[in-house]
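Text of structure31.cif, listed as mmCIF, C-alpha atoms (C1' of nucleotides):
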data_final
loop_
_atom_site.label_atom_id
_atom_site.label_comp_id
_atom_site.auth_asym_id
_atom_site.auth_seq_id
_atom_site.Cartn_x
_atom_site.Cartn_y
_atom_site.Cartn_z
CA MET A 1 36.52 17.81 19.40
CA ALA A 2 33.05 18.05 20.81
CA GLN A 3 31.68 14.91 22.31
CA CYS A 4 28.29 16.05 23.47
CA ASP A 5 25.26 13.79 23.41
CA HIS A 6 23.71 15.87 20.67
CA GLU A 7 26.72 15.96 18.41
CA ALA A 8 24.76 15.37 15.21
CA GLN A 9 21.96 17.77 16.03
CA HIS A 10 24.24 20.57 17.24
CA HIS A 11 26.62 20.15 14.35
CA LEU A 12 23.72 20.55 11.92
CA ALA A 13 22.61 23.67 13.77
CA ALA A 14 26.15 25.04 13.68
CA GLU A 15 26.40 24.37 9.95
CA ALA A 16 23.03 26.01 9.34
CA ALA A 17 24.12 28.94 11.51
CA LYS A 18 27.23 29.42 9.41
CA THR A 19 25.20 29.22 6.22
CA ASN A 20 22.58 31.68 7.42
CA MET A 21 24.91 34.02 9.28
CA PRO A 22 24.45 37.55 7.93
CA GLN A 23 27.38 39.13 6.14
CA GLU A 24 30.00 40.75 8.32
CA GLU A 25 28.85 44.10 6.97
CA ASP A 26 25.23 43.52 7.99
CA ILE A 27 26.28 42.29 11.42
CA GLY A 28 28.18 45.52 11.77
CA ARG A 29 25.20 47.61 10.72
CA VAL A 30 22.79 45.89 13.07
CA SER A 31 25.15 46.01 16.03
CA ALA A 32 25.84 49.67 15.32
CA LEU A 33 22.11 50.28 15.42
CA PHE A 34 21.75 48.53 18.76
CA LYS A 35 24.78 50.33 20.08
CA ALA A 36 23.26 53.65 19.12
CA ILE A 37 20.33 53.04 21.45
CA SER A 38 22.22 51.26 24.20
CA GLU A 39 23.25 54.34 26.17
CA PRO A 40 20.82 55.83 28.70
CA SER A 41 21.30 59.38 27.44
CA ARG A 42 20.55 58.40 23.86
CA LEU A 43 17.60 56.27 24.91
CA LYS A 44 16.16 59.25 26.78
CA ILE A 45 16.41 61.36 23.66
CA LEU A 46 14.50 58.75 21.69
CA PHE A 47 11.81 58.52 24.35
CA ALA A 48 11.56 62.30 24.39
CA LEU A 49 11.11 62.48 20.64
CA ARG A 50 8.08 60.20 20.89
CA GLN A 51 6.24 63.37 21.91
CA GLY A 52 7.02 64.98 18.60
CA GLU A 53 9.80 66.88 16.89
CA MET A 54 11.93 69.19 18.97
CA CYS A 55 14.86 71.54 18.53
CA VAL A 56 18.04 70.98 20.50
CA TYR A 57 17.20 73.43 23.24
CA HIS A 58 14.00 71.62 24.10
CA ILE A 59 15.61 68.22 23.87
CA VAL A 60 18.10 69.43 26.46
CA GLU A 61 15.18 70.69 28.52
CA ALA A 62 13.51 67.28 28.27
CA VAL A 63 16.45 64.97 28.98
CA GLY A 64 18.91 67.08 30.96
CA GLY A 65 22.67 67.31 30.56
CA THR A 66 24.67 69.92 28.71
CA GLN A 67 24.00 71.21 25.21
CA SER A 68 27.33 69.86 24.06
CA ALA A 69 26.74 66.36 25.35
CA VAL A 70 23.26 66.26 23.82
CA SER A 71 24.63 67.49 20.49
CA HIS A 72 27.22 64.74 20.47
CA GLN A 73 24.56 62.13 21.15
CA LEU A 74 22.24 63.59 18.53
CA ARG A 75 25.07 63.20 16.06
CA ILE A 76 25.42 59.53 16.88
CA LEU A 77 21.68 58.92 16.65
CA ARG A 78 21.58 60.77 13.37
CA ASP A 79 24.54 58.89 11.89
CA SER A 80 22.83 55.62 12.77
CA ARG A 81 19.58 56.90 11.23
CA MET A 82 17.50 56.60 14.36
CA ILE A 83 16.54 60.25 14.08
CA LYS A 84 16.41 62.79 11.31
CA ALA A 85 17.10 66.50 11.35
CA ARG A 86 15.98 69.49 9.39
CA ARG A 87 17.08 73.05 9.67
CA ASP A 88 14.44 75.63 10.52
CA GLY A 89 15.97 79.06 10.70
CA GLN A 90 18.52 79.13 13.48
CA ASN A 91 17.28 75.84 14.85
CA ILE A 92 17.80 72.23 13.95
CA VAL A 93 14.61 70.27 14.50
CA TYR A 94 14.95 66.57 15.29
CA SER A 95 12.41 63.77 15.03
CA LEU A 96 12.34 59.96 15.06
CA ALA A 97 13.48 58.60 11.72
CA ASP A 98 10.53 56.26 11.16
CA GLU A 99 8.02 53.96 12.81
CA HIS A 100 10.54 51.12 13.16
CA VAL A 101 12.38 53.07 15.83
CA LEU A 102 9.29 53.31 17.98
CA ALA A 103 8.41 49.69 17.29
CA VAL A 104 11.82 48.48 18.46
CA LEU A 105 11.63 50.57 21.61
CA GLU A 106 8.23 49.25 22.54
CA LEU A 107 9.01 45.65 21.75
CA VAL A 108 12.05 45.71 23.99
CA CYS A 109 10.11 47.41 26.74
CA THR A 110 7.66 44.54 26.58
CA HIS A 111 10.55 42.13 26.81
CA VAL A 112 11.90 43.71 29.96
CA ASN A 113 8.43 44.12 31.44
CA CYS A 114 8.64 47.83 31.90
CA LYS A 115 5.64 50.04 31.45
CA ILE A 116 6.23 53.09 29.28
CA MET B 1 16.38 80.76 26.40
CA ALA B 2 15.18 79.12 23.24
CA GLN B 3 13.85 81.43 20.61
CA CYS B 4 12.80 78.99 17.95
CA ASP B 5 9.74 79.56 15.78
CA HIS B 6 8.00 76.65 17.45
CA GLU B 7 8.67 77.66 21.01
CA ALA B 8 5.16 76.86 22.26
CA GLN B 9 4.89 73.55 20.44
CA HIS B 10 8.37 72.33 21.37
CA HIS B 11 8.00 73.42 24.95
CA LEU B 12 4.82 71.38 25.25
CA ALA B 13 6.59 68.39 23.75
CA ALA B 14 9.47 68.82 26.17
CA GLU B 15 7.11 69.02 29.13
CA ALA B 16 5.25 65.93 27.94
CA ALA B 17 8.57 64.17 27.43
CA LYS B 18 9.60 64.89 31.00
CA THR B 19 6.24 63.71 32.30
CA ASN B 20 6.32 60.50 30.28
CA MET B 21 10.04 59.78 30.64
CA PRO B 22 10.50 56.27 32.05
CA GLN B 23 12.08 55.93 35.47
CA GLU B 24 15.86 56.02 35.60
CA GLU B 25 15.80 52.36 36.59
CA ASP B 26 13.78 51.33 33.54
CA ILE B 27 15.96 53.40 31.25
CA GLY B 28 18.90 51.52 32.70
CA ARG B 29 17.30 48.14 32.15
CA VAL B 30 16.36 48.84 28.56
CA SER B 31 19.73 50.31 27.66
CA ALA B 32 21.48 47.37 29.32
CA LEU B 33 19.43 45.04 27.17
CA PHE B 34 20.38 46.88 24.00
CA LYS B 35 23.99 46.98 25.09
CA ALA B 36 24.00 43.23 25.52
CA ILE B 37 23.19 42.74 21.85
CA SER B 38 25.19 45.66 20.48
CA GLU B 39 28.49 43.87 20.00
CA PRO B 40 29.09 41.94 16.78
CA SER B 41 30.34 38.83 18.56
CA ARG B 42 27.26 38.64 20.76
CA LEU B 43 24.96 39.39 17.86
CA LYS B 44 26.49 36.50 15.94
CA ILE B 45 25.80 34.17 18.85
CA LEU B 46 22.16 35.22 18.87
CA PHE B 47 21.86 34.75 15.11
CA ALA B 48 23.46 31.32 15.46
CA LEU B 49 21.03 30.26 18.15
CA ARG B 50 18.14 30.98 15.81
CA GLN B 51 18.97 27.58 14.33
CA GLY B 52 18.28 25.88 17.63
CA GLU B 53 20.01 25.12 20.90
CA MET B 54 23.71 24.44 20.86
CA CYS B 55 26.49 23.60 23.28
CA VAL B 56 29.50 25.89 23.58
CA TYR B 57 31.70 23.91 21.25
CA HIS B 58 29.23 24.21 18.41
CA ILE B 59 28.59 27.88 19.10
CA VAL B 60 32.32 28.42 18.74
CA GLU B 61 32.19 26.42 15.52
CA ALA B 62 29.35 28.61 14.26
CA VAL B 63 30.63 32.06 15.16
CA GLY B 64 34.41 31.70 15.37
CA GLY B 65 36.75 33.10 17.99
CA THR B 66 38.20 31.36 21.00
CA GLN B 67 36.31 29.26 23.53
CA SER B 68 37.21 31.69 26.27
CA ALA B 69 35.95 34.74 24.43
CA VAL B 70 32.71 32.98 23.52
CA SER B 71 32.21 31.87 27.12
CA HIS B 72 32.64 35.44 28.34
CA GLN B 73 30.07 36.67 25.84
CA LEU B 74 27.68 33.86 26.70
CA ARG B 75 27.90 34.97 30.29
CA ILE B 76 26.90 38.51 29.38
CA LEU B 77 24.02 37.34 27.21
CA ARG B 78 22.88 35.03 29.98
CA ASP B 79 23.09 37.71 32.68
CA SER B 80 20.96 39.98 30.53
CA ARG B 81 18.47 37.15 29.95
CA MET B 82 18.84 37.07 26.18
CA ILE B 83 19.73 33.38 26.30
CA LYS B 84 19.21 30.56 28.75
CA ALA B 85 21.42 27.62 29.62
CA ARG B 86 20.92 24.12 30.87
CA ARG B 87 23.48 21.54 31.77
CA ASP B 88 23.42 18.29 29.84
CA GLY B 89 26.14 15.99 31.06
CA GLN B 90 29.49 17.61 30.41
CA ASN B 91 27.93 20.22 28.18
CA ILE B 92 26.07 23.43 28.73
CA VAL B 93 23.38 23.83 26.13
CA TYR B 94 22.33 27.35 25.23
CA SER B 95 19.19 28.64 23.54
CA LEU B 96 17.40 31.93 22.98
CA ALA B 97 15.56 33.00 26.12
CA ASP B 98 12.18 33.63 24.51
CA GLU B 99 10.39 34.79 21.40
CA HIS B 100 10.97 38.47 22.17
CA VAL B 101 14.66 38.09 21.46
CA LEU B 102 14.00 36.81 17.98
CA ALA B 103 11.32 39.43 17.43
CA VAL B 104 13.68 42.27 18.30
CA LEU B 105 16.41 40.89 16.07
CA GLU B 106 14.10 40.58 13.11
CA LEU B 107 12.45 43.95 13.62
CA VAL B 108 15.79 45.69 13.66
CA CYS B 109 16.96 43.76 10.64
CA THR B 110 13.88 45.02 8.83
CA HIS B 111 14.69 48.53 9.95
CA VAL B 112 18.23 48.23 8.67
CA ASN B 113 17.07 46.85 5.35
CA CYS B 114 14.55 49.63 4.90
CA LYS B 115 17.03 52.35 5.60
CA ILE B 116 20.80 52.79 5.24
"C1'" DT C 1 29.57 94.80 8.88
"C1'" DT C 2 29.23 93.17 13.87
"C1'" DA C 3 26.71 90.99 17.69
"C1'" DT C 4 23.80 87.46 19.24
"C1'" DT C 5 21.77 83.06 19.29
"C1'" DA C 6 21.60 78.07 18.16
"C1'" DT C 7 24.02 74.19 17.25
"C1'" DA C 8 28.14 71.41 16.15
"C1'" DT C 9 32.68 69.60 16.89
"C1'" DG C 10 37.79 68.53 18.03
"C1'" DA C 11 40.68 67.22 21.82
"C1'" DA C 12 41.54 65.33 26.19
"C1'" DC C 13 40.41 62.72 30.00
"C1'" DA C 14 37.96 59.17 32.60
"C1'" DG C 15 35.40 55.24 32.69
"C1'" DT C 16 34.02 51.02 30.30
"C1'" DT C 17 34.56 46.77 27.71
"C1'" DA C 18 36.36 42.81 24.72
"C1'" DT C 19 39.95 39.82 24.22
"C1'" DT C 20 43.78 36.88 25.61
"C1'" DC C 21 46.13 33.95 28.77
"C1'" DA C 22 46.32 31.07 32.41
"C1'" DT C 23 43.85 28.55 35.47
"C1'" DA C 24 39.74 26.77 37.88
"C1'" DT C 25 35.54 23.98 38.13
"C1'" DA C 26 32.58 20.24 36.91
"C1'" DT C 27 31.32 15.97 34.68
"C1'" DT C 28 32.38 11.50 32.89
"C1'" DG C 29 34.85 7.25 32.35
"C1'" DA C 30 38.49 4.13 33.69
"C1'" DT D 1 41.11 7.48 42.89
"C1'" DC D 2 43.06 9.81 38.29
"C1'" DA D 3 42.76 11.47 33.53
"C1'" DA D 4 40.30 13.60 29.98
"C1'" DT D 5 36.89 16.70 28.36
"C1'" DA D 6 33.82 20.82 28.47
"C1'" DT D 7 33.08 25.11 30.16
"C1'" DA D 8 33.84 29.15 33.16
"C1'" DT D 9 36.44 32.88 35.09
"C1'" DG D 10 39.99 36.32 37.19
"C1'" DA D 11 43.48 39.47 35.79
"C1'" DA D 12 45.82 42.27 32.56
"C1'" DT D 13 45.87 44.89 28.58
"C1'" DA D 14 44.24 47.33 24.62
"C1'" DA D 15 40.57 49.50 22.40
"C1'" DC D 16 36.46 52.04 22.71
"C1'" DT D 17 33.10 55.53 24.39
"C1'" DG D 18 30.81 59.52 26.91
"C1'" DT D 19 31.48 63.82 28.88
"C1'" DT D 20 33.54 68.28 29.43
"C1'" DC D 21 35.74 72.35 27.78
"C1'" DA D 22 36.81 75.43 24.46
"C1'" DT D 23 35.92 76.85 20.10
"C1'" DA D 24 33.86 76.78 15.44
"C1'" DT D 25 30.01 77.27 12.23
"C1'" DA D 26 25.63 79.02 10.72
"C1'" DA D 27 21.61 81.98 10.75
"C1'" DT D 28 19.56 86.24 12.07
"C1'" DA D 29 19.12 90.95 13.57
"C1'" DA D 30 20.84 95.48 14.13
#
Kindly transcribe the structure held in the file into structure tokens.
Amino acid sequence: MAQCDHEAQHHLAAEAAKTNMPQEEDIGRVSALFKAISEPSRLKILFALRQGEMCVYHIVEAVGGTQSAVSHQLRILRDSRMIKARRDGQNIVYSLADEHVLAVLELVCTHVNCKI
Amino acid sequence: MAQCDHEAQHHLAAEAAKTNMPQEEDIGRVSALFKAISEPSRLKILFALRQGEMCVYHIVEAVGGTQSAVSHQLRILRDSRMIKARRDGQNIVYSLADEHVLAVLELVCTHVNCKI
DNA sequence: TTATTATATGAACAGTTATTCATATATTGA
DNA sequence: TCAATATATGAATAACTGTTCATATAATAA
């Protein structure tokens, strides 16, 4: 049993936390979203797409790495709805899914004090 | 070579992306930050701490799991500066590091609610 | 149709990470 | 001092993830 000096206060907070804890499913969705943008290669792709939509070839040109690796990462970003894709002839053109993506990126950059 | 219909436009975007790509070090810092909050167990801890500061025992009460596992996750969150700790007698009391943490959580929750 | 180009994907391997278990450290009270 | 409590941590293991390689799919042109 906990015997801390703030037993009553912390217990209330813990109870409130349990009450307000998002559903397991939502926790999973949010963590999946964070996970999608927690790898340097994927983060670079997102930063690159701030400049506008690009097909795979130019994304590879912008971020480096092999076409295969970039394709795999694009798939993950797409599955987690960070980016969207449309076919245009032989090419698939990718772009950021919506303004929330950019907002999250910039907010976190502020948090870590890095200039973008 | 890329032969897409938007060669000129995409090439410009790719060049701009390379020019504006954050330093490798900053990419690493941002992705590390996302990684810290991309696991369900850590995310639950952050959601719990929205209710206010808590000692380890009550965090365990709020999010479940073993004391050891929670302590390991607290360490990761602390190292990545998502939470801060202070000793209070026998207890270590944890709280969210600053308002950015909450802001990021809520922004992403909004994003998830809008989409998916 | 076949050849070429652009992109995607399955499998395997290497590197990473979360949990458990046992134990260590630190504080308090007797 | 010793015992009890609260928290942290090292090691081991299992699960997960990113990349590479080879190949598949899809669109276009000849």
- Quick one: apply the PyMOL selection byres ((chain A) within 7 of (chain D)) to the file and drop the selected residues here as a list in words. Ala69, Gly89 and Gln90 of chain A
For chain C against chain A, with a cut-off of 8 Å and counting all atoms listed in the file, what is the closest atom pair and its distance in Å to one decimal for every residue that makes the cut, ordered by chain and number, as JSON lines?
{"residue": "C:DT5", "atom": "C1'", "partner": "A:Gln90", "partner_atom": "CA", "distance": 7.7}
{"residue": "C:DA6", "atom": "C1'", "partner": "A:Gln90", "partner_atom": "CA", "distance": 5.7}
{"residue": "C:DT7", "atom": "C1'", "partner": "A:Ile92", "partner_atom": "CA", "distance": 7.3}
{"residue": "C:DA8", "atom": "C1'", "partner": "A:Ser71", "partner_atom": "CA", "distance": 6.8}
- Kindly indicate which residue among A:Cys4, A:Val63, A:Leu107, A:Ala97 lies nearest to Asn20 in chain B, using all atoms listed in the file for the distances. A:Val63
- Message: Could you work out which residues of chain A fall inside 7 Å of chain B? Count only C-alpha atoms, and format the result as number ranges by chain.
- Response: A: 2, 4, 10-11, 13-18, 21, 27-28, 30-32, 34-35, 37-40, 43, 47-48, 51-52, 54, 57-59, 61-62, 91, 100, 104, 107-109, 111-112, 114, 116
- Message: How large is the C-alpha RMSD when chain B is optimally fitted onto chain A, using all Cα positions paired one-to-one in sequence order?
- Response: 2.0 Å
- Computed interatomic separation between CA of Asp79 in chain A and C1' of DG10 in chain C (Å):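 Spanning CA of Asp79 in chain A to C1' of DG10 in chain C is a straight-line distance of 17.5 Å.
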- If you measure from C1' of DT17 in chain C to CA of Gln73 in chain B, what distance in Å do you get, rounded to one decimal?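 Pair C1' of DT17 in chain C / CA of Gln73 in chain B returns 11.2 Å.
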